[in-house]
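Data block below; observations after.
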Amino acid sequence: MIWDSAAEFFAMGGYGLYVWGAYAVTLACMAVEPLLVRKRHRAARRALAAEGDSA
Amino acid sequence: MNSSSFRFFQFAAPARFYALAGALVPWCWAAFAALAAVGLWIGFFVAPTDATQGESYRIIFIHVPAAWMSMLLYLVMAFWAAVGWAFNARLASMTARAIAPTGAMFTFLALWTGALWGKPTWGTWWVWDARLTSELILLFLYVGFLSLVSAIDDPRRADRAGALLAIVGSINVPIIYFSVKWWNTLHQGATISVTAAPKMASTMLTAMLLMTLAFWAYAFAVVFTRTRAIVLERDRHASWARESVRPAPAPATPGMQL
């Protein structure tokens with residue numbers, strides 16, 4: 001194991017802010033985009049179903 | 001039309017695509033989760049500390065895959081936009097539109113992770129050199145494509161206008177890729193070359209390639225889902241689309257009240 005403790009892992013040799021800043025924003029983007037896409041797909045399905053009922 | 005060309009175009013029909021993509025999406029997510037888990041594990045717990053950059057280099061495991069995806073997705077988007085225009089294939093144009101937001105997101109991530117890597121390594125968040133500027137132009141091309149297609153009401157006219165912009169803009173991708181060779185720049189050269197032996201430890205390379213495959217799987221999952229949404233939005237008057245959202249009919253049981 002290259003890290004002696006959890007604190008050392010999170011410090012990233014003094015580059016913690018940069019490394020975790022990069023990973024946090026990447027994680028946020030790649031978590032939010034699938035949710036937005038799923039919402040759009042569901043909305044499209046709902047709109048179709050509603051249209052089918054009224055027809 | 002003969003039978004072989006008919007089969008070739010089967011998946012070009014939005015209805016076929018909708019079903020096929022729906023079946024593939026869960027597998028894409030499973031591949032993404034597995035590849036990202038192993039890639040991050042190797043990247044953070046197996047790959048050694050870099051001799052010159054210390055731990056800051058670990059940004060490479062998302063920076064390079066995001067930058068590759070930003071360029072690759074642009075070319076794929078331009079390709080499908082061109083196919084949609086040249087062959088009047090609606091599904092190809094819808095795919096191009098579905099790729100653009102994901103490509104823009106990866107371009108933003110390449111710039112963001114690059115800034116956070118540049119600060120400790122070069123001493124600056126940003127510099128107007130060839131590599132960074134051409135990548136920023138790529139982001140503007142994605143945003144321009146998205147604004148253009150959403151500004152035109154007639155969907156097929158919007159598709160054609162977007163295709164023109166995407167095709168012309170694709171000249172920027174080789175400029176980004178070769179910018180570190182053509183101009184003197186702060187950015188380091190290509191990480192991977194097909195002609196030269198890798199200059200990085202094999203564990204670092206493994207982690208980076210696994211993360212690249214993970215981002216591919218992610219892009220497939222998101223683009224397939226977004227294309228399905230666009231297909232439904234556009235084909236909402238087609239009977240297949242209405243059928244697809246109707247719950248499966250219950251098997252007829254004698255005496256059951258429906």
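Just so we're on the same page: first chain in the structure tokens is A, next is B, and so on; residues restart at 1 for each chain, and ligands are numbered from 1 in the order they show up.
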Proximity check chain B to chain A, 7 Å, nearest pairs one decimal Å, only C-alpha atoms, as JSON lines:
{"residue": "B:Phe45", "atom": "CA", "partner": "A:Ile2", "partner_atom": "CA", "distance": 6.4}
{"residue": "B:Gly54", "atom": "CA", "partner": "A:Gly13", "partner_atom": "CA", "distance": 6.8}
{"residue": "B:Glu55", "atom": "CA", "partner": "A:Met12", "partner_atom": "CA", "distance": 5.6}
{"residue": "B:Ser56", "atom": "CA", "partner": "A:Tyr15", "partner_atom": "CA", "distance": 5.6}
{"residue": "B:Arg58", "atom": "CA", "partner": "A:Val19", "partner_atom": "CA", "distance": 6.9}
{"residue": "B:Ile59", "atom": "CA", "partner": "A:Val19", "partner_atom": "CA", "distance": 5.8}
{"residue": "B:Leu109", "atom": "CA", "partner": "A:Thr26", "partner_atom": "CA", "distance": 6.3}
{"residue": "B:Trp112", "atom": "CA", "partner": "A:Ala22", "partner_atom": "CA", "distance": 6.9}
{"residue": "B:Thr113", "atom": "CA", "partner": "A:Ala22", "partner_atom": "CA", "distance": 4.8}
{"residue": "B:Leu116", "atom": "CA", "partner": "A:Tyr18", "partner_atom": "CA", "distance": 5.1}
{"residue": "B:Trp117", "atom": "CA", "partner": "A:Tyr18", "partner_atom": "CA", "distance": 6.6}
{"residue": "B:Val222", "atom": "CA", "partner": "A:Pro34", "partner_atom": "CA", "distance": 6.0}
{"residue": "B:Thr225", "atom": "CA", "partner": "A:Val37", "partner_atom": "CA", "distance": 6.6}
{"residue": "B:Arg226", "atom": "CA", "partner": "A:Val37", "partner_atom": "CA", "distance": 5.7}
{"residue": "B:Arg228", "atom": "CA", "partner": "A:His41", "partner_atom": "CA", "distance": 6.9}
{"residue": "B:Ala229", "atom": "CA", "partner": "A:His41", "partner_atom": "CA", "distance": 4.3}
{"residue": "B:Leu232", "atom": "CA", "partner": "A:Ala44", "partner_atom": "CA", "distance": 6.1}
{"residue": "B:Glu233", "atom": "CA", "partner": "A:Ala44", "partner_atom": "CA", "distance": 5.8}
{"residue": "B:Arg236", "atom": "CA", "partner": "A:Leu48", "partner_atom": "CA", "distance": 6.2}
{"residue": "B:Arg242", "atom": "CA", "partner": "A:Leu48", "partner_atom": "CA", "distance": 6.2}
{"residue": "B:Val245", "atom": "CA", "partner": "A:Ala49", "partner_atom": "CA", "distance": 6.1}
{"residue": "B:Arg246", "atom": "CA", "partner": "A:Ala49", "partner_atom": "CA", "distance": 6.8}
Got a sec to tell me which of stretch 75-195 of chain B DSSP assigns to helix (DSSP H, G or I), as a VMD selection string? chain B and resid 75 to 86 90 to 122 130 to 151 155 to 169 172 to 182
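Among the candidate residues B:Ala166, B:Thr121, B:Met204, B:Arg97, the one lying nearest to B:Ser150 is B:Arg97, with distances computed using only C-alpha atoms.
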Closest to B:Ser70 among B:Ala36, B:Ala238, B:Ala100, B:Ala158, using only C-alpha atoms?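 Closest candidate: B:Ala100.
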Taken to one decimal, the atom CA of B:Leu91-atom CA of B:Leu75 distance is 16.9 Å
Exercise: B:Val168 partners within 12 Å, only C-alpha atoms, chain neighbours under 3 positions left out, as an MDAnalysis selection string: chainID B and resid 74:75 78:79 81:82 138 141 145 161:165 171:173
Just want the 7 Å neighbourhood of B:Trp80, counted on only C-alpha atoms, with same-chain residues fewer than 2 positions away dropped. Output as a list in words.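 Neighbouring residues, sequence-local ones excluded: Val76, Met77, Ala78, Ala82, Val83, Gly84, Ala92, Ser93, Thr95 and Ala96 of chain B.
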Point-to-point distance in Å for atom CA of B:Ser244 and atom CA of B:Ala15: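 That distance, rounded to one decimal, is 8.8 Å.
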